[in-house]
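*Asks:* Below is a structure I'd like to ask you about.
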Amino acid sequence: MNSENRFFRTVCRVLDATESHPDVDNSTLDEDKLYRLGLYHQILPLIVHHRDQLATAFPTLSSEFFEKCRLYVMTNVGRIMLYERFLADLDQRLTAEGIEYRLFKGPILAYELYQFPYLRTFGDLDILIQEKSLEKVHRIVSGLNCELCDDLYTAFPAEIIKKYRFARHYASIKGPFVAVDVHLSLSSRLHPFQFDTADFWLHSRTYRISDHAYQTFDHPYQALYLLYHAFKHYFFKLIWVIDCRQTFRLPGFDIVGFKYLLKKYHLSRIWEIYNQVVADLWNGESQATAMLPRRGLLRKINPKLILQGGMSTSQSRARMLLPMLYLPQLSQRIVYLWRQMFPPRDVVRDFYTSKDLKPTWRNYLRLRRKAVAELLNH
Amino acid sequence: MLYKRMEFIEWRRFENESLLLNLQTGKYFRINEVGSLIWEKLDGANEAEDIIKIIVKHFAVSEATARQDYNKFTEQLLNDNLISMSDPGQP
């Protein structure tokens, strides 16, 4: 194990109050790499918060390194202030129009799971809305000086966005930067895992942030979504694993209700992977009461992969390979693989971004042949 | 003399510093531990002399030093439009 990975494992362990005296490691660390990875994994604030223990455990780390991390955390403090105000403003406007929504991820996690909200970096707000509210929400978010910022959403017709339930990404066009993701569902229709949005909608609770009340998901649903989110991408972030762990450790967390949801939404395999990763990172601790068998495929998603950020391959290959590990049934894997090789014609971006390219079957097959060839050549 | 923080200033304490955000301009200000203590007291209810006494007690400095720090800091805050003079008769 390299020194940087040892450092990140120690960061995980000092998060627990029980691990107050980690072993001393005198190896020389690449501080630029540590900072870069810490930034990527969104754990610089946690490094700063536990710097006394980390500085003792890794005495070769310079004070300049910790000061650089600290300066980053100051920017995070600023970001939190900005988002608090923006969120209150957005809530007031949505409520005034009678629009119901659910706030999830980012600020909910920052305020609920961590001692201080600035310990949990977040770069945008995520809200789940109902389809009927889409146009009104677009008007409201636009009125807050934000615009759609990804050509996916400006190029695709509105009916395609609704049909496949893509999220809409907005970013501010003037003033301090803020971003909002507006979701119609918790996963697009193209994703292997599907959630019953109405189920999540019904199981909601109120959470207060600075004198404002927001609606978010009940804890077992929040935990389920976080678990799915931590592994749904084709890259990994340590903070997502930490978020899951912090959620499961909330006092009174309904583990029985959560396990029921795991079975309902067929996410048991991801739960196994998560438990093995956490057991490795936190040195033998396990969320499950029994020892879990280590199957060959599950060994592929391990702390080393998590800490390096993802698979050492192209994104398109990772997108193809990773769900093979999560999907429990062979038929699901075959369907998924087929869909990756031959996605629906109306979601092929080239047909929307290249004006002269007609969405004919011939053009579609030509594009797919090129994409598959690139995939096999990586 | 009474000073009050402007309403459009958001601020947070972070360890021994504070970060101020002017929501109108988007500009951030970073203030040290002494400044943070003074800033927290500028709520329109604390007289200058009371704040100076707190600085003397908290940081074990002379009254002259505390007064100088207080005056310099509040002057800077006024120049940056982060505080205003507060009328004791007004709520």
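By order of appearance in the structure tokens: chains A, B, ..., then residues from 1 within every chain, and ligands from 1 in the order shown.
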Give me, as a list in words, the residues of chain A touching chain B, with the criterion being at most 10 Å (counting only C-alpha atoms).
*Replies:*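 Listed by rising number, the hits are His49, Arg70, Val73, Met74, Thr75, Val77, Gly78, Arg79, Ile80, Met81, Leu82, Glu84, Arg85, Phe116, Tyr118, Gly175, Pro176 and Phe177 of chain A.
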*Asks:* What are the DSSP alpha helix (DSSP H) residues of segment 16-233 of chain A, as JSON, numbers by chain?
*Replies:* {"A": [31, 32, 33, 34, 35, 36, 37, 38, 39, 40, 44, 45, 46, 47, 48, 49, 51, 52, 53, 54, 55, 56, 57, 63, 64, 65, 66, 67, 68, 69, 70, 71, 72, 73, 74, 75, 76, 77, 78, 79, 80, 81, 82, 83, 84, 85, 86, 87, 88, 89, 90, 91, 92, 93, 94, 95, 96, 106, 107, 108, 109, 110, 111, 112, 113, 134, 135, 136, 137, 138, 139, 140, 141, 142, 143, 151, 152, 153, 154, 155, 158, 159, 160, 161, 162, 163, 164, 197, 198, 199, 200, 201, 202, 219, 220, 221, 222, 223, 224, 225, 226, 227, 228, 229, 230, 231, 232]}
*Asks:* Considering only C-alpha atoms, return as a ChimeraX atom specification whatever protein or nucleic-acid residues lie within 10 Å of segment 50-52 of chain B, sequence-local ones (same chain, fewer than 6 positions apart) excluded.
*Replies:* /B:37-42,58,62-71
*Asks:* If you keep all heavy atoms, can you produce a file of those selected residues as a CSV table (one decimal), in the first residue's frame?
*Replies:*
chain,number,residue,atom,x,y,z
B,37,LEU,N,-13.8,38.8,17.6
B,37,LEU,CA,-14.4,39.1,18.9
B,37,LEU,C,-15.2,40.4,18.8
B,37,LEU,O,-16.3,40.5,19.3
B,37,LEU,CB,-13.4,39.1,20.0
B,37,LEU,CG,-13.9,39.3,21.4
B,37,LEU,CD1,-13.1,38.5,22.4
B,37,LEU,CD2,-14.0,40.7,21.8
B,38,ILE,N,-14.5,41.4,18.2
B,38,ILE,CA,-15.1,42.7,18.1
B,38,ILE,C,-16.4,42.6,17.2
B,38,ILE,O,-17.4,43.1,17.5
B,38,ILE,CB,-14.1,43.7,17.5
B,38,ILE,CG1,-12.9,43.9,18.4
B,38,ILE,CG2,-14.8,45.1,17.2
B,38,ILE,CD1,-11.8,44.7,17.8
B,39,TRP,N,-16.2,41.9,16.1
B,39,TRP,CA,-17.3,41.8,15.1
B,39,TRP,C,-18.6,41.2,15.8
B,39,TRP,O,-19.7,41.7,15.5
B,39,TRP,CB,-16.9,40.9,13.9
B,39,TRP,CG,-17.9,40.6,13.0
B,39,TRP,CD1,-18.6,39.4,12.9
B,39,TRP,CD2,-18.5,41.5,11.9
B,39,TRP,NE1,-19.5,39.5,11.8
B,39,TRP,CE2,-19.5,40.7,11.3
B,39,TRP,CE3,-18.2,42.8,11.5
B,39,TRP,CZ2,-20.2,41.3,10.2
B,39,TRP,CZ3,-18.9,43.3,10.5
B,39,TRP,CH2,-19.9,42.6,9.8
B,40,GLU,N,-18.4,40.2,16.6
B,40,GLU,CA,-19.5,39.5,17.2
B,40,GLU,C,-20.2,40.5,18.2
B,40,GLU,O,-21.4,40.3,18.4
B,40,GLU,CB,-19.1,38.3,18.0
B,40,GLU,CG,-18.8,37.1,17.1
B,40,GLU,CD,-18.1,36.0,17.7
B,40,GLU,OE1,-18.0,35.9,19.0
B,40,GLU,OE2,-17.5,35.1,17.0
B,41,LYS,N,-19.5,41.5,18.7
B,41,LYS,CA,-20.1,42.4,19.7
B,41,LYS,C,-20.8,43.6,19.0
B,41,LYS,O,-21.5,44.4,19.6
B,41,LYS,CB,-19.1,42.9,20.6
B,41,LYS,CG,-18.4,41.8,21.5
B,41,LYS,CD,-19.4,41.2,22.4
B,41,LYS,CE,-18.7,40.1,23.2
B,41,LYS,NZ,-19.7,39.2,23.9
B,42,LEU,N,-20.6,43.7,17.7
B,42,LEU,CA,-21.2,44.9,17.0
B,42,LEU,C,-22.6,44.7,16.6
B,42,LEU,O,-22.9,44.6,15.4
B,42,LEU,CB,-20.3,45.3,15.8
B,42,LEU,CG,-18.8,45.7,16.1
B,42,LEU,CD1,-18.1,45.9,14.8
B,42,LEU,CD2,-18.8,46.9,16.9
B,58,HIS,N,-9.7,39.4,27.5
B,58,HIS,CA,-9.6,38.2,26.7
B,58,HIS,C,-8.2,38.0,26.2
B,58,HIS,O,-7.7,36.9,26.2
B,58,HIS,CB,-10.6,38.2,25.5
B,58,HIS,CG,-10.8,36.9,24.9
B,58,HIS,ND1,-11.7,36.0,25.4
B,58,HIS,CD2,-10.2,36.3,23.8
B,58,HIS,CE1,-11.7,34.9,24.6
B,58,HIS,NE2,-10.8,35.1,23.7
B,62,SER,N,-2.9,45.8,26.9
B,62,SER,CA,-3.2,47.1,27.6
B,62,SER,C,-4.4,47.7,27.1
B,62,SER,O,-4.8,47.4,25.9
B,62,SER,CB,-2.0,48.0,27.5
B,62,SER,OG,-1.9,48.5,26.1
B,63,GLU,N,-5.0,48.7,27.8
B,63,GLU,CA,-6.2,49.3,27.3
B,63,GLU,C,-5.9,50.2,26.1
B,63,GLU,O,-6.7,50.3,25.2
B,63,GLU,CB,-6.8,50.2,28.4
B,63,GLU,CG,-8.2,50.7,28.1
B,63,GLU,CD,-8.7,51.6,29.2
B,63,GLU,OE1,-8.7,51.2,30.4
B,63,GLU,OE2,-9.3,52.7,28.8
B,64,ALA,N,-4.7,50.8,26.1
B,64,ALA,CA,-4.3,51.6,24.9
B,64,ALA,C,-4.2,50.7,23.6
B,64,ALA,O,-4.7,51.2,22.6
B,64,ALA,CB,-2.9,52.2,25.2
B,65,THR,N,-3.7,49.5,23.8
B,65,THR,CA,-3.6,48.6,22.6
B,65,THR,C,-5.0,48.2,22.1
B,65,THR,O,-5.3,48.2,20.9
B,65,THR,CB,-2.7,47.4,23.0
B,65,THR,OG1,-1.4,47.8,23.4
B,65,THR,CG2,-2.6,46.4,21.8
B,66,ALA,N,-5.8,47.9,23.1
B,66,ALA,CA,-7.1,47.4,22.8
B,66,ALA,C,-7.9,48.5,22.1
B,66,ALA,O,-8.6,48.3,21.1
B,66,ALA,CB,-7.9,47.0,24.0
B,67,ARG,N,-7.8,49.7,22.6
B,67,ARG,CA,-8.5,50.9,22.0
B,67,ARG,C,-8.0,51.1,20.6
B,67,ARG,O,-8.8,51.4,19.7
B,67,ARG,CB,-8.3,52.1,22.9
B,67,ARG,CG,-9.2,53.3,22.5
B,67,ARG,CD,-9.0,54.5,23.4
B,67,ARG,NE,-9.2,54.1,24.8
B,67,ARG,CZ,-10.4,54.0,25.4
B,67,ARG,NH1,-11.5,54.2,24.7
B,67,ARG,NH2,-10.5,53.6,26.6
B,68,GLN,N,-6.7,51.1,20.4
B,68,GLN,CA,-6.2,51.3,19.1
B,68,GLN,C,-6.7,50.3,18.1
B,68,GLN,O,-7.1,50.6,17.0
B,68,GLN,CB,-4.6,51.2,19.2
B,68,GLN,CG,-3.9,51.7,17.9
B,68,GLN,CD,-2.4,51.6,18.0
B,68,GLN,OE1,-1.9,50.8,18.8
B,68,GLN,NE2,-1.7,52.3,17.3
B,69,ASP,N,-6.6,49.0,18.5
B,69,ASP,CA,-7.1,47.9,17.7
B,69,ASP,C,-8.6,48.1,17.3
B,69,ASP,O,-9.0,47.9,16.2
B,69,ASP,CB,-7.0,46.5,18.3
B,69,ASP,CG,-5.5,46.1,18.4
B,69,ASP,OD1,-4.7,46.7,17.6
B,69,ASP,OD2,-5.2,45.1,19.1
B,70,TYR,N,-9.4,48.4,18.3
B,70,TYR,CA,-10.8,48.6,18.2
B,70,TYR,C,-11.1,49.8,17.2
B,70,TYR,O,-11.9,49.6,16.2
B,70,TYR,CB,-11.5,48.9,19.5
B,70,TYR,CG,-13.0,49.2,19.4
B,70,TYR,CD1,-13.9,48.2,19.3
B,70,TYR,CD2,-13.4,50.6,19.3
B,70,TYR,CE1,-15.3,48.5,19.2
B,70,TYR,CE2,-14.8,50.8,19.1
B,70,TYR,CZ,-15.7,49.8,19.1
B,70,TYR,OH,-17.0,50.1,18.9
B,71,ASN,N,-10.4,50.9,17.4
B,71,ASN,CA,-10.7,52.1,16.5
B,71,ASN,C,-10.3,51.8,15.1
B,71,ASN,O,-11.0,52.1,14.1
B,71,ASN,CB,-9.9,53.3,17.0
B,71,ASN,CG,-10.6,53.8,18.3
B,71,ASN,OD1,-11.8,53.6,18.6
B,71,ASN,ND2,-9.8,54.5,19.1
*Asks:* As a VMD selection string, please: every residue in chain B that a backbone DSSP assignment puts in strand (DSSP E or B).
*Replies:* chain B and resid 3 to 5 9 to 14 17 to 22 27 to 31 43 83 to 85
*Asks:* Report as a VMD selection string all protein, DNA and RNA residues lying within 7 Å of Leu238 of chain A, evaluated on only C-alpha atoms, omitting residues in the same chain fewer than 4 positions from it.
*Replies:* chain A and resid 41 242 306 to 307
*Asks:* Please report the interatomic distance between atom CA of Gln53 of chain A and atom CA of Arg9 of chain A in Å with one decimal.
*Replies:* 13.0 Å
*Asks:* I'd like the contact shell of Ala45 of chain B - 9 Å cut-off, only C-alpha atoms, skipping same-chain residues fewer than 5 positions apart - returned as a ChimeraX atom specification.
*Replies:* /B:2-4,86,88
*Asks:* Now that the selection is made, can you save its residues with N, CA and C atoms as a PDB file, in the first residue's frame?
*Replies:*
ATOM      1  N   LEU B   2     -22.204  53.446  19.135  1.00  0.00           N
ATOM      2  CA  LEU B   2     -22.723  52.101  18.876  1.00  0.00           C
ATOM      3  C   LEU B   2     -22.632  51.799  17.383  1.00  0.00           C
ATOM      4  N   TYR B   3     -22.159  50.608  17.090  1.00  0.00           N
ATOM      5  CA  TYR B   3     -22.113  50.168  15.693  1.00  0.00           C
ATOM      6  C   TYR B   3     -22.946  48.900  15.543  1.00  0.00           C
ATOM      7  N   LYS B   4     -23.454  48.742  14.302  1.00  0.00           N
ATOM      8  CA  LYS B   4     -24.257  47.542  14.037  1.00  0.00           C
ATOM      9  C   LYS B   4     -23.832  46.924  12.710  1.00  0.00           C
ATOM     10  N   SER B  86     -25.167  53.014  14.905  1.00  0.00           N
ATOM     11  CA  SER B  86     -26.480  52.615  15.398  1.00  0.00           C
ATOM     12  C   SER B  86     -27.028  53.676  16.327  1.00  0.00           C
ATOM     13  N   PRO B  88     -29.128  54.576  19.400  1.00  0.00           N
ATOM     14  CA  PRO B  88     -29.636  53.821  20.552  1.00  0.00           C
ATOM     15  C   PRO B  88     -31.150  53.927  20.724  1.00  0.00           C
TER      16      PRO B  88
END
*Asks:* Extract, using only C-alpha atoms, all DNA, RNA and protein residues at most 8 Å from segment 155-165 of chain A, discarding same-chain residues fewer than 2 positions from it, and format them as a PyMOL selection string.
*Replies:* chain A and resi 131+151-153+167+183-185+187-190+346-347+349+352-353
*Asks:* Taking into account only C-alpha atoms, which residue in the set B:Asp43, B:Glu75, B:Glu49, B:Asp87 is nearest to Arg5 of chain B?
*Replies:* B:Asp43
*Asks:* Please provide the set of residues having any atom within 9 Å of segment 202-208 of chain A, restricted to only C-alpha atoms, with same-chain residues fewer than 4 positions apart removed, written as a list in words.
*Replies:*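 Residues meeting the cut-off are Arg102, Ile108, Glu112, Thr197, Ala198, His212, Ala213, Tyr214, Gln215, Thr216, Phe217, Asp218, His219 and Tyr221 of chain A.
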